[in-house]
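Trainee: My structure is in work.cif, and what it holds is mmCIF, C-alpha atoms (C1' of nucleotides):
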```
data_start
#
loop_
_atom_site.label_atom_id
_atom_site.label_comp_id
_atom_site.auth_asym_id
_atom_site.auth_seq_id
_atom_site.Cartn_x
_atom_site.Cartn_y
_atom_site.Cartn_z
CA MET A 1 -32.58 37.26 -18.00
CA ASN A 2 -33.82 36.28 -21.42
CA LYS A 3 -32.50 32.81 -22.11
CA ASN A 4 -34.35 32.31 -25.35
CA GLN A 5 -31.11 32.48 -27.24
CA SER A 6 -29.28 29.87 -25.18
CA LEU A 7 -31.70 27.24 -23.95
CA PRO A 8 -29.79 24.29 -22.57
CA TRP A 9 -31.21 21.85 -25.09
CA ASP A 10 -29.66 23.88 -27.87
CA HIS A 11 -26.33 23.27 -26.17
CA PRO A 12 -24.68 20.19 -27.67
CA ARG A 13 -22.71 19.16 -24.60
CA PHE A 14 -25.76 19.63 -22.42
CA ARG A 15 -27.81 17.35 -24.64
CA SER A 16 -25.01 14.82 -24.64
CA TRP A 17 -24.80 14.77 -20.90
CA ILE A 18 -28.53 14.43 -20.44
CA ALA A 19 -28.39 11.36 -22.65
CA VAL A 20 -25.55 9.94 -20.57
CA ALA A 21 -27.47 10.45 -17.35
CA ARG A 22 -30.60 8.89 -18.77
CA ALA A 23 -28.77 5.86 -20.07
CA CYS A 24 -27.16 5.38 -16.67
CA GLN A 25 -30.48 5.57 -14.92
CA LEU A 26 -31.99 2.96 -17.24
CA MET A 27 -28.99 0.68 -16.94
CA GLN A 28 -29.17 0.88 -13.17
CA GLN A 29 -32.84 -0.01 -13.20
CA SER A 30 -32.33 -2.87 -15.61
CA LEU A 31 -29.44 -4.23 -13.59
CA GLY A 32 -31.50 -3.99 -10.44
CA ARG A 33 -34.24 -6.10 -11.98
CA SER A 34 -31.76 -8.71 -13.20
CA LEU A 35 -30.08 -8.94 -9.81
CA ALA A 36 -33.35 -9.71 -8.09
CA GLU A 37 -32.88 -13.40 -8.82
CA LEU A 38 -29.75 -13.39 -6.66
CA GLU A 39 -31.60 -11.45 -3.95
CA ILE A 40 -29.15 -8.60 -3.96
CA LYS A 41 -29.46 -4.97 -5.01
CA THR A 42 -27.11 -2.76 -6.95
CA PRO A 43 -25.47 -1.21 -3.86
CA HIS A 44 -24.65 -4.72 -2.64
CA LEU A 45 -23.12 -5.59 -5.99
CA ASP A 46 -20.90 -2.53 -5.90
CA ILE A 47 -19.63 -3.67 -2.53
CA LEU A 48 -19.17 -7.28 -3.57
CA ILE A 49 -17.23 -6.39 -6.69
CA ASN A 50 -14.90 -4.17 -4.72
CA LEU A 51 -14.27 -6.87 -2.14
CA TYR A 52 -13.66 -9.33 -4.95
CA ARG A 53 -10.95 -7.09 -6.33
CA PHE A 54 -9.56 -5.63 -3.13
CA GLU A 55 -9.73 -8.23 -0.44
CA GLY A 56 -9.11 -6.99 3.08
CA ILE A 57 -10.10 -3.41 2.33
CA SER A 58 -11.43 -1.31 5.23
CA GLN A 59 -14.93 0.16 5.44
CA GLN A 60 -13.52 3.64 5.05
CA GLU A 61 -11.61 2.80 1.90
CA LEU A 62 -14.64 1.03 0.51
CA ALA A 63 -16.87 4.01 1.16
CA ARG A 64 -14.37 6.28 -0.61
CA LYS A 65 -14.26 4.02 -3.66
CA LEU A 66 -18.04 3.91 -3.84
CA LEU A 67 -18.41 7.67 -3.31
CA VAL A 68 -20.77 7.22 -0.40
CA GLY A 69 -20.65 8.11 3.27
CA ARG A 70 -19.14 5.88 5.94
CA SER A 71 -22.48 5.55 7.65
CA ASN A 72 -23.83 3.93 4.53
CA MET A 73 -21.32 1.12 4.91
CA SER A 74 -22.15 0.82 8.59
CA MET A 75 -25.76 0.19 7.59
CA LEU A 76 -25.21 -2.20 4.70
CA LEU A 77 -22.24 -4.31 5.76
CA PRO A 78 -23.72 -5.83 8.92
CA GLN A 79 -26.73 -6.91 6.86
CA MET A 80 -24.50 -8.58 4.32
CA GLU A 81 -22.50 -10.20 7.06
CA LYS A 82 -25.66 -11.69 8.54
CA ARG A 83 -26.61 -13.01 5.11
CA GLY A 84 -23.27 -14.77 5.01
CA LEU A 85 -21.92 -12.90 2.00
CA ILE A 86 -19.04 -11.14 3.71
CA GLU A 87 -16.96 -11.32 6.84
CA ARG A 88 -15.52 -8.47 8.92
CA ARG A 89 -12.34 -9.05 10.88
CA GLY A 90 -10.69 -6.55 13.17
CA ASP A 91 -7.26 -5.40 12.11
CA GLU A 92 -4.55 -6.60 14.50
CA LYS A 93 -2.40 -3.52 14.27
CA ASP A 94 -5.11 -0.87 14.23
CA LYS A 95 -8.04 -1.81 16.38
CA ARG A 96 -10.24 0.85 14.84
CA VAL A 97 -10.47 -0.71 11.41
CA LEU A 98 -12.52 -3.64 10.24
CA ARG A 99 -11.13 -5.50 7.26
CA LEU A 100 -13.64 -6.93 4.81
CA PHE A 101 -13.60 -10.31 3.08
CA LEU A 102 -15.93 -12.31 0.91
CA THR A 103 -17.15 -15.63 2.22
CA PRO A 104 -17.18 -18.57 -0.23
CA GLU A 105 -20.89 -17.95 -0.70
CA GLY A 106 -20.25 -14.27 -1.22
CA ARG A 107 -17.64 -15.04 -3.85
CA GLU A 108 -20.09 -17.36 -5.61
CA VAL A 109 -22.87 -14.77 -5.62
CA THR A 110 -20.42 -12.14 -6.83
CA GLU A 111 -19.34 -14.26 -9.77
CA LYS A 112 -22.92 -14.90 -10.79
CA ALA A 113 -23.76 -11.23 -10.44
CA MET A 114 -20.74 -10.17 -12.48
CA VAL A 115 -21.86 -12.47 -15.26
CA ILE A 116 -25.29 -10.85 -15.18
CA GLN A 117 -23.81 -7.37 -15.25
CA THR A 118 -21.30 -8.14 -17.95
CA ASP A 119 -23.98 -9.75 -20.11
CA LEU A 120 -26.21 -6.72 -19.73
CA ILE A 121 -23.42 -4.33 -20.64
CA GLU A 122 -22.33 -6.48 -23.54
CA ARG A 123 -25.87 -6.79 -24.84
CA VAL A 124 -26.52 -3.06 -24.67
CA LEU A 125 -23.12 -1.76 -25.71
CA SER A 126 -22.18 -4.26 -28.39
CA PRO A 127 -23.78 -2.22 -31.22
CA GLU A 128 -21.29 0.52 -30.42
CA PRO A 129 -17.91 0.14 -32.08
CA ILE A 130 -15.20 -0.78 -29.66
CA GLU A 131 -13.15 2.28 -30.58
CA GLN A 132 -16.09 4.47 -29.66
CA CYS A 133 -16.38 2.68 -26.29
CA MET A 134 -12.72 3.19 -25.59
CA ALA A 135 -12.87 6.85 -26.55
CA MET A 136 -15.88 7.24 -24.29
CA ALA A 137 -14.07 5.58 -21.42
CA GLU A 138 -11.18 7.97 -21.83
CA SER A 139 -13.48 10.96 -21.83
CA MET A 140 -15.24 9.69 -18.75
CA GLU A 141 -12.01 9.09 -16.91
CA ARG A 142 -10.90 12.63 -17.63
CA ILE A 143 -14.25 13.89 -16.36
CA ILE A 144 -13.93 11.78 -13.22
CA HIS A 145 -10.50 13.20 -12.65
CA VAL A 146 -11.68 16.79 -12.98
CA LEU A 147 -14.60 16.27 -10.61
CA GLN A 148 -12.53 14.49 -8.02
CA GLN A 149 -9.95 17.28 -8.06
CA GLU A 150 -12.74 19.71 -7.24
CA ASP A 151 -13.97 17.55 -4.40
CA LEU A 152 -10.55 17.64 -2.81
CA VAL A 153 -10.41 21.41 -3.07
CA ASP A 154 -13.83 21.66 -1.42
CA GLU A 155 -12.64 19.72 1.58
CA ASP A 156 -10.03 22.33 2.53
CA MET B 1 -17.09 -21.63 -12.76
CA ASN B 2 -13.54 -20.39 -13.10
CA LYS B 3 -13.74 -16.77 -14.17
CA ASN B 4 -10.04 -16.08 -13.99
CA GLN B 5 -9.90 -15.84 -17.74
CA SER B 6 -12.71 -13.33 -18.12
CA LEU B 7 -12.78 -10.98 -15.15
CA PRO B 8 -15.08 -8.06 -15.87
CA TRP B 9 -12.32 -5.47 -15.59
CA ASP B 10 -10.54 -7.13 -18.48
CA HIS B 11 -13.65 -6.51 -20.53
CA PRO B 12 -13.32 -3.22 -22.41
CA ARG B 13 -17.00 -2.38 -22.58
CA PHE B 14 -17.41 -3.22 -18.90
CA ARG B 15 -14.62 -0.86 -17.96
CA SER B 16 -16.10 1.81 -20.17
CA TRP B 17 -19.47 1.52 -18.58
CA ILE B 18 -18.10 1.60 -15.06
CA ALA B 19 -16.40 4.87 -15.95
CA VAL B 20 -19.67 6.25 -17.30
CA ALA B 21 -21.54 5.32 -14.14
CA ARG B 22 -18.88 6.83 -11.92
CA ALA B 23 -18.79 10.07 -13.87
CA CYS B 24 -22.57 10.30 -13.61
CA GLN B 25 -22.48 9.78 -9.89
CA LEU B 26 -19.87 12.50 -9.43
CA MET B 27 -21.71 14.91 -11.69
CA GLN B 28 -24.90 14.34 -9.76
CA GLN B 29 -23.16 15.03 -6.47
CA SER B 30 -21.44 18.12 -7.80
CA LEU B 31 -24.69 19.44 -9.25
CA GLY B 32 -26.44 18.80 -5.96
CA ARG B 33 -23.88 20.91 -4.10
CA SER B 34 -24.16 23.73 -6.61
CA LEU B 35 -27.94 23.74 -6.46
CA ALA B 36 -27.93 24.16 -2.69
CA GLU B 37 -27.72 27.93 -3.12
CA LEU B 38 -31.11 27.88 -4.83
CA GLU B 39 -32.48 25.61 -2.10
CA ILE B 40 -33.50 22.91 -4.51
CA LYS B 41 -32.21 19.40 -5.08
CA THR B 42 -31.54 17.51 -8.27
CA PRO B 43 -34.93 15.77 -8.38
CA HIS B 44 -36.59 19.17 -8.20
CA LEU B 45 -34.44 20.44 -11.04
CA ASP B 46 -35.40 17.51 -13.23
CA ILE B 47 -39.02 18.38 -12.64
CA LEU B 48 -38.55 22.09 -13.22
CA ILE B 49 -36.69 21.61 -16.47
CA ASN B 50 -39.40 19.34 -17.78
CA LEU B 51 -42.11 21.80 -16.86
CA TYR B 52 -40.10 24.55 -18.50
CA ARG B 53 -40.06 22.61 -21.74
CA PHE B 54 -43.43 20.91 -21.59
CA GLU B 55 -45.86 23.23 -19.93
CA GLY B 56 -49.17 21.69 -18.93
CA ILE B 57 -47.83 18.14 -18.73
CA SER B 58 -49.61 15.72 -16.38
CA GLN B 59 -48.04 14.07 -13.34
CA GLN B 60 -48.15 10.73 -15.07
CA GLU B 61 -46.36 11.95 -18.17
CA LEU B 62 -43.80 13.71 -16.01
CA ALA B 63 -43.12 10.55 -14.02
CA ARG B 64 -42.63 8.61 -17.24
CA LYS B 65 -40.16 11.14 -18.59
CA LEU B 66 -38.18 11.06 -15.37
CA LEU B 67 -38.27 7.26 -15.13
CA VAL B 68 -39.72 7.31 -11.63
CA GLY B 69 -42.94 6.09 -10.08
CA ARG B 70 -46.14 8.10 -9.94
CA SER B 71 -46.05 8.11 -6.17
CA ASN B 72 -42.75 9.93 -6.31
CA MET B 73 -44.45 12.82 -8.09
CA SER B 74 -47.29 12.77 -5.59
CA MET B 75 -44.76 13.29 -2.84
CA LEU B 76 -42.59 15.96 -4.48
CA LEU B 77 -45.05 18.09 -6.39
CA PRO B 78 -47.21 19.21 -3.45
CA GLN B 79 -44.03 20.33 -1.69
CA MET B 80 -42.97 22.34 -4.69
CA GLU B 81 -46.43 23.79 -4.99
CA LYS B 82 -46.30 24.98 -1.38
CA ARG B 83 -42.92 26.56 -2.04
CA GLY B 84 -44.53 28.49 -4.87
CA LEU B 85 -42.44 27.00 -7.64
CA ILE B 86 -45.21 25.25 -9.53
CA GLU B 87 -48.95 25.21 -9.87
CA ARG B 88 -51.29 22.27 -10.41
CA ARG B 89 -54.55 22.80 -12.23
CA GLY B 90 -57.17 20.19 -12.84
CA ASP B 91 -57.86 19.32 -16.45
CA GLU B 92 -61.32 20.40 -17.60
CA LYS B 93 -61.97 17.45 -19.85
CA ASP B 94 -60.48 14.69 -17.72
CA LYS B 95 -61.03 15.28 -14.06
CA ARG B 96 -58.46 12.67 -13.10
CA VAL B 97 -55.44 14.55 -14.37
CA LEU B 98 -53.61 17.49 -12.86
CA ARG B 99 -51.75 19.70 -15.31
CA LEU B 100 -48.52 21.23 -14.14
CA PHE B 101 -47.21 24.75 -14.68
CA LEU B 102 -44.31 26.83 -13.47
CA THR B 103 -45.08 29.95 -11.48
CA PRO B 104 -43.10 33.08 -12.34
CA GLU B 105 -40.87 32.33 -9.37
CA GLY B 106 -40.49 28.75 -10.52
CA ARG B 107 -39.46 29.92 -13.96
CA GLU B 108 -36.91 32.25 -12.44
CA VAL B 109 -35.41 29.53 -10.26
CA THR B 110 -35.37 27.15 -13.21
CA GLU B 111 -33.45 29.62 -15.35
CA LYS B 112 -30.88 30.16 -12.63
CA ALA B 113 -30.57 26.43 -12.06
CA MET B 114 -30.15 25.73 -15.78
CA VAL B 115 -27.33 28.23 -15.91
CA ILE B 116 -25.66 26.42 -13.02
CA GLN B 117 -26.12 23.05 -14.67
CA THR B 118 -25.00 24.22 -18.09
CA ASP B 119 -21.92 25.85 -16.62
CA LEU B 120 -21.01 22.69 -14.78
CA ILE B 121 -21.42 20.54 -17.87
CA GLU B 122 -19.52 23.01 -19.99
CA ARG B 123 -16.70 23.24 -17.50
CA VAL B 124 -16.33 19.50 -17.20
CA LEU B 125 -16.99 18.49 -20.79
CA SER B 126 -15.24 21.29 -22.65
CA PRO B 127 -11.90 19.42 -22.80
CA GLU B 128 -13.65 16.76 -24.85
CA PRO B 129 -13.84 17.49 -28.56
CA ILE B 130 -17.32 18.34 -29.70
CA GLU B 131 -17.33 15.49 -32.22
CA GLN B 132 -16.60 13.08 -29.39
CA CYS B 133 -19.50 14.52 -27.38
CA MET B 134 -21.84 14.16 -30.31
CA ALA B 135 -20.74 10.60 -30.96
CA MET B 136 -21.24 9.82 -27.29
CA ALA B 137 -24.71 11.30 -27.37
CA GLU B 138 -25.62 9.14 -30.32
CA SER B 139 -24.33 6.03 -28.58
CA MET B 140 -26.25 6.88 -25.45
CA GLU B 141 -29.44 7.49 -27.35
CA ARG B 142 -29.15 4.10 -28.99
CA ILE B 143 -28.58 2.56 -25.57
CA ILE B 144 -31.59 4.36 -24.16
CA HIS B 145 -33.67 3.09 -27.03
CA VAL B 146 -32.61 -0.51 -26.49
CA LEU B 147 -33.30 -0.38 -22.76
CA GLN B 148 -36.66 1.25 -23.18
CA GLN B 149 -37.72 -1.37 -25.69
CA GLU B 150 -36.95 -4.02 -23.09
CA ASP B 151 -38.94 -2.21 -20.45
CA LEU B 152 -41.98 -2.27 -22.71
CA VAL B 153 -41.61 -5.99 -23.30
CA ASP B 154 -41.37 -6.58 -19.55
CA GLU B 155 -44.65 -4.83 -18.97
CA ASP B 156 -46.64 -7.32 -21.04
"C1'" DA C 1 -77.15 1.71 -20.09
"C1'" DC C 2 -74.41 -1.14 -17.07
"C1'" DA C 3 -70.77 -3.83 -15.60
"C1'" DA C 4 -65.96 -4.58 -15.90
"C1'" DT C 5 -61.56 -2.74 -16.78
"C1'" DA C 6 -58.10 0.76 -17.07
"C1'" DA C 7 -55.94 5.05 -15.78
"C1'" DA C 8 -54.61 9.25 -12.74
"C1'" DG C 9 -53.49 10.53 -8.55
"C1'" DT C 10 -52.89 9.74 -3.27
"C1'" DA C 11 -51.58 7.49 1.23
"C1'" DC C 12 -48.71 4.74 3.61
"C1'" DA C 13 -45.33 1.55 5.16
"C1'" DA C 14 -40.71 -0.14 4.17
"C1'" DC C 15 -36.22 0.60 2.75
"C1'" DG C 16 -31.90 3.16 1.39
"C1'" DA C 17 -28.90 7.20 1.84
"C1'" DT C 18 -27.26 11.13 4.39
"C1'" DG C 19 -25.20 14.03 7.86
"C1'" DA C 20 -24.41 15.08 12.62
"C1'" DA C 21 -23.25 13.64 17.02
"C1'" DC C 22 -20.82 10.17 19.37
"C1'" DA C 23 -17.20 6.43 21.26
"C1'" DA C 24 -12.93 4.20 20.80
"C1'" DA C 25 -8.36 3.94 19.13
"C1'" DA C 26 -4.31 6.01 16.92
"C1'" DA C 27 -1.27 9.78 15.82
"C1'" DT C 28 0.71 14.18 16.81
"C1'" DC C 29 3.26 17.15 19.39
"C1'" DA C 30 4.53 19.90 23.30
"C1'" DT D 1 4.48 11.19 29.10
"C1'" DG D 2 0.12 13.66 28.65
"C1'" DA D 3 -3.04 16.58 26.08
"C1'" DT D 4 -4.96 17.49 21.66
"C1'" DT D 5 -6.33 16.18 17.21
"C1'" DT D 6 -7.44 12.71 13.66
"C1'" DT D 7 -9.30 8.64 12.16
"C1'" DT D 8 -12.52 4.63 12.11
"C1'" DG D 9 -16.72 3.02 12.72
"C1'" DT D 10 -21.61 3.32 14.84
"C1'" DT D 11 -26.12 5.37 15.97
"C1'" DC D 12 -29.90 8.04 15.07
"C1'" DA D 13 -33.11 11.34 13.09
"C1'" DT D 14 -34.35 12.89 8.58
"C1'" DC D 15 -35.37 12.74 3.99
"C1'" DG D 16 -36.18 10.69 -0.71
"C1'" DT D 17 -37.82 6.63 -3.37
"C1'" DT D 18 -40.48 2.59 -4.09
"C1'" DG D 19 -44.31 -0.56 -4.38
"C1'" DT D 20 -48.86 -1.61 -2.90
"C1'" DA D 21 -53.35 -0.69 -1.86
"C1'" DC D 22 -56.95 2.59 -2.46
"C1'" DT D 23 -60.25 6.40 -4.49
"C1'" DT D 24 -62.04 8.70 -8.23
"C1'" DT D 25 -62.91 9.22 -13.01
"C1'" DA D 26 -62.82 7.37 -18.02
"C1'" DT D 27 -63.15 3.89 -21.19
"C1'" DT D 28 -64.48 -0.48 -23.00
"C1'" DG D 29 -67.51 -4.23 -24.03
"C1'" DT D 30 -71.90 -6.39 -23.93
#
```
Output the file's structure as structure tokens, nothing else.
Mentor:
Amino acid sequence: MNKNQSLPWDHPRFRSWIAVARACQLMQQSLGRSLAELEIKTPHLDILINLYRFEGISQQELARKLLVGRSNMSMLLPQMEKRGLIERRGDEKDKRVLRLFLTPEGREVTEKAMVIQTDLIERVLSPEPIEQCMAMAESMERIIHVLQQEDLVDED
Amino acid sequence: MNKNQSLPWDHPRFRSWIAVARACQLMQQSLGRSLAELEIKTPHLDILINLYRFEGISQQELARKLLVGRSNMSMLLPQMEKRGLIERRGDEKDKRVLRLFLTPEGREVTEKAMVIQTDLIERVLSPEPIEQCMAMAESMERIIHVLQQEDLVDED
DNA sequence: ACAATAAAGTACAACGATGAACAAAAATCA
DNA sequence: TGATTTTTGTTCATCGTTGTACTTTATTGT
């Protein structure tokens, strides 16, 4: 089991991925600090942005998009409803599902938060050529696709 | 405050970054599942890999490298010590610091875990040309640098 | 040398995320 | 139709992370 010849940090793709993970972690932390002024946290923003795009989505669908468990939504959404950011209405046709909507205040907070997030991304990513960003996005989307395929197989 | 003309998802760098974050999240989850067979979790692996590379590091230095708080290390490391993966020895010269070392078992587990992680990364990233991976790594390292600079300024 | 300050590590309370067990409502199918 | 299975959402116990306050040890400044 002598790995001296193939330590991970001699492995170019390994090093690349470590850098990706680190950058993500730092971005997340930085975003979290910037969002403090709106009194929301990054998980709330993820939810808000999805409701902004996909109004009337169910908790289940939202959880799937965010790659978290349903119970997570059951914990967070009632809080956000009490804060007046979102509203949950029962579906007429299927009484199991709760459909989610932004309140006017929620929409306002979301827009402010999206400005903060976009500014941060722009500020940090603008030194990178746009072609490089696009190429990166394509790589990442392929990676996402591969990993999600595997998840489906696991659930058999 | 009409954002209809500049929604974030029309913003190329925003879309790119969302893809990066999503890919990271999925990788983390996939790695977590694969590590279950070694009965460790991803935070433990981060620690083990750092001790593998930087033997004798202090808890403080380790926390800084991992971008987490000191208290986090104070919670995790005693657990890992009890499991026999690591050892903590007091520094002779500075009685405040505890220096961290892998036990033989810890080294063994680390090597197995690194194989798992490297295989996962290789499997998922191998469709991407190596030049693209290298370019991505360089971008990410620049991003890391920018964000860390800002952190230092904040701490003034 | 002595006081004040800084640094390393710990303890603890608060919060977020998770998975399992559960209730209610559909969907399936015999 | 009636029984079984699936789906949606909730509850709860557990675990990891964080920030704050605290102890001990070094360092700094006078």
Trainee: Any chance you could resolve the PyMOL selection byres ((chain B) within 12 of (chain D)) against this file and give the residues as a list in words?
Mentor: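 When the PyMOL selection byres ((chain B) within 12 of (chain D)) is applied, the selected residues are Lys41, Thr42, Pro43, His44, Leu67, Val68, Gly69, Arg70, Ser71, Asn72, Met73, Ser74, Met75, Leu76, Asp91, Lys93, Asp94, Lys95, Arg96 and Val97 of chain B.
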Trainee: May I have the protein, DNA and RNA residues with any atom at most 9 Å from the point (-26.9, -11.7, -12.8), counting only C-alpha atoms (C1' of nucleotides), written as an mmCIF file with C-alpha atoms, in the coordinates of the input?
Mentor:
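Okay, this is what ended up in selection.cif:
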```cif
data_model
loop_
_atom_site.group_PDB
_atom_site.id
_atom_site.type_symbol
_atom_site.label_atom_id
_atom_site.label_comp_id
_atom_site.auth_asym_id
_atom_site.auth_seq_id
_atom_site.Cartn_x
_atom_site.Cartn_y
_atom_site.Cartn_z
ATOM 1 C CA LEU A 31 -29.440 -4.230 -13.590
ATOM 2 C CA SER A 34 -31.760 -8.710 -13.200
ATOM 3 C CA LEU A 35 -30.080 -8.940 -9.810
ATOM 4 C CA ALA A 36 -33.350 -9.710 -8.090
ATOM 5 C CA GLU A 37 -32.880 -13.400 -8.820
ATOM 6 C CA LEU A 38 -29.750 -13.390 -6.660
ATOM 7 C CA VAL A 109 -22.870 -14.770 -5.620
ATOM 8 C CA THR A 110 -20.420 -12.140 -6.830
ATOM 9 C CA GLU A 111 -19.340 -14.260 -9.770
ATOM 10 C CA LYS A 112 -22.920 -14.900 -10.790
ATOM 11 C CA ALA A 113 -23.760 -11.230 -10.440
ATOM 12 C CA MET A 114 -20.740 -10.170 -12.480
ATOM 13 C CA VAL A 115 -21.860 -12.470 -15.260
ATOM 14 C CA ILE A 116 -25.290 -10.850 -15.180
ATOM 15 C CA GLN A 117 -23.810 -7.370 -15.250
ATOM 16 C CA THR A 118 -21.300 -8.140 -17.950
ATOM 17 C CA ASP A 119 -23.980 -9.750 -20.110
ATOM 18 C CA LEU A 120 -26.210 -6.720 -19.730
#
```
Trainee: So what do you get for atom CA of Ile121 of chain A versus atom CA of Val146 of chain B, distance-wise?
Mentor: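 Atom-to-atom, atom CA of Ile121 of chain A to atom CA of Val146 of chain B, that is 11.5 Å.
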Trainee: Kindly give the distance, in Å, that separates atom CA of Met140 of chain A and atom CA of Leu77 of chain A, rounded to a single decimal.
Mentor: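 Going from atom CA of Met140 of chain A over to atom CA of Leu77 of chain A, I get 29.1 Å.
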Trainee: At what distance in Å, to one decimal, does atom CA of Ser58 of chain B lie from atom CA of Leu98 of chain B?
Mentor: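 Spanning atom CA of Leu98 of chain B to atom CA of Ser58 of chain B is a straight-line distance of 5.6 Å.
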Trainee: Show me a table, sorted first by chain and then by increasing residue number, of the residues of chain C having an atom at most 12 Å from chain B, each with its shortest atom pair and the distance in Å to one decimal, counting all atoms listed in the file and written as CSV.
Mentor:
```
residue,atom,partner,partner_atom,distance
C:DA7,C1',B:Arg96,CA,8.5
C:DA8,C1',B:Arg96,CA,5.2
C:DG9,C1',B:Arg96,CA,7.1
C:DT10,C1',B:Ser74,CA,6.8
C:DA11,C1',B:Ser71,CA,9.3
C:DC12,C1',B:Ser71,CA,10.7
```
Trainee: Export, as a tab-separated table (two decimals), in the coordinates of the input, the selected residues with C-alpha atoms (C1' of nucleotides).
Mentor:
```
chain	number	residue	atom	x	y	z
C	7	DA	C1'	-55.94	5.05	-15.78
C	8	DA	C1'	-54.61	9.25	-12.74
C	9	DG	C1'	-53.49	10.53	-8.55
C	10	DT	C1'	-52.89	9.74	-3.27
C	11	DA	C1'	-51.58	7.49	1.23
C	12	DC	C1'	-48.71	4.74	3.61
```
Trainee: Counting all atoms listed in the file, which residues of chain A sit at most 6 Å from some atom of chain B, and what is each one's closest atom pair with its distance in Å to one decimal, listed by chain and rising residue number, as CSV?
Mentor:
```
residue,atom,partner,partner_atom,distance
A:Ser16,CA,B:Ala137,CA,4.5
A:Ala19,CA,B:Met140,CA,5.7
A:Val20,CA,B:Met140,CA,5.8
A:Ala23,CA,B:Ile144,CA,5.2
A:Ala137,CA,B:Ser16,CA,4.5
A:Met140,CA,B:Ala19,CA,5.7
A:Ile144,CA,B:Ala23,CA,5.2
```
Trainee: Residues near segment 78-89 of chain A, anyone? I mean within 6 Å using only C-alpha atoms (C1' of nucleotides), not counting same-chain ones fewer than 4 positions away, as a VMD selection string.
Mentor: chain A and resid 98 to 103 105 to 106
Trainee: Fix up segment 123-134 of chain A with N, CA, C and O atoms, then write it as a short mmCIF file (atom, residue, chain, number, x, y, z; two decimals), keeping the file's coordinate frame.
Mentor:
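In the end it all went to rebuild11.cif:
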```cif
data_model
loop_
_atom_site.label_atom_id
_atom_site.label_comp_id
_atom_site.auth_asym_id
_atom_site.auth_seq_id
_atom_site.Cartn_x
_atom_site.Cartn_y
_atom_site.Cartn_z
N ARG A 123 -24.68 -6.78 -24.00
CA ARG A 123 -25.87 -6.79 -24.84
C ARG A 123 -26.23 -5.38 -25.29
O ARG A 123 -26.59 -5.14 -26.44
N VAL A 124 -26.07 -4.42 -24.38
CA VAL A 124 -26.52 -3.06 -24.67
C VAL A 124 -25.45 -2.27 -25.42
O VAL A 124 -25.76 -1.42 -26.25
N LEU A 125 -24.19 -2.56 -25.12
CA LEU A 125 -23.12 -1.76 -25.71
C LEU A 125 -22.52 -2.38 -26.97
O LEU A 125 -21.76 -1.70 -27.69
N SER A 126 -22.86 -3.61 -27.26
CA SER A 126 -22.18 -4.26 -28.39
C SER A 126 -22.45 -3.59 -29.74
O SER A 126 -21.59 -3.66 -30.61
N PRO A 127 -23.63 -2.93 -29.93
CA PRO A 127 -23.78 -2.22 -31.22
C PRO A 127 -22.79 -1.08 -31.39
O PRO A 127 -22.56 -0.63 -32.52
N GLU A 128 -22.22 -0.60 -30.30
CA GLU A 128 -21.29 0.52 -30.42
C GLU A 128 -19.90 -0.01 -30.75
O GLU A 128 -19.42 -0.93 -30.10
N PRO A 129 -19.26 0.60 -31.72
CA PRO A 129 -17.91 0.14 -32.08
C PRO A 129 -16.98 0.22 -30.88
O PRO A 129 -17.10 1.12 -30.05
N ILE A 130 -16.07 -0.72 -30.82
CA ILE A 130 -15.20 -0.78 -29.66
C ILE A 130 -14.33 0.47 -29.53
O ILE A 130 -14.05 0.92 -28.41
N GLU A 131 -13.98 1.06 -30.67
CA GLU A 131 -13.15 2.28 -30.58
C GLU A 131 -13.95 3.40 -29.91
O GLU A 131 -13.42 4.19 -29.13
N GLN A 132 -15.22 3.45 -30.26
CA GLN A 132 -16.09 4.47 -29.66
C GLN A 132 -16.20 4.24 -28.14
O GLN A 132 -16.16 5.17 -27.35
N CYS A 133 -16.32 2.99 -27.73
CA CYS A 133 -16.38 2.68 -26.29
C CYS A 133 -15.11 3.11 -25.59
O CYS A 133 -15.15 3.70 -24.50
N MET A 134 -13.98 2.83 -26.22
CA MET A 134 -12.72 3.19 -25.59
C MET A 134 -12.58 4.71 -25.50
O MET A 134 -12.12 5.24 -24.47
#
```
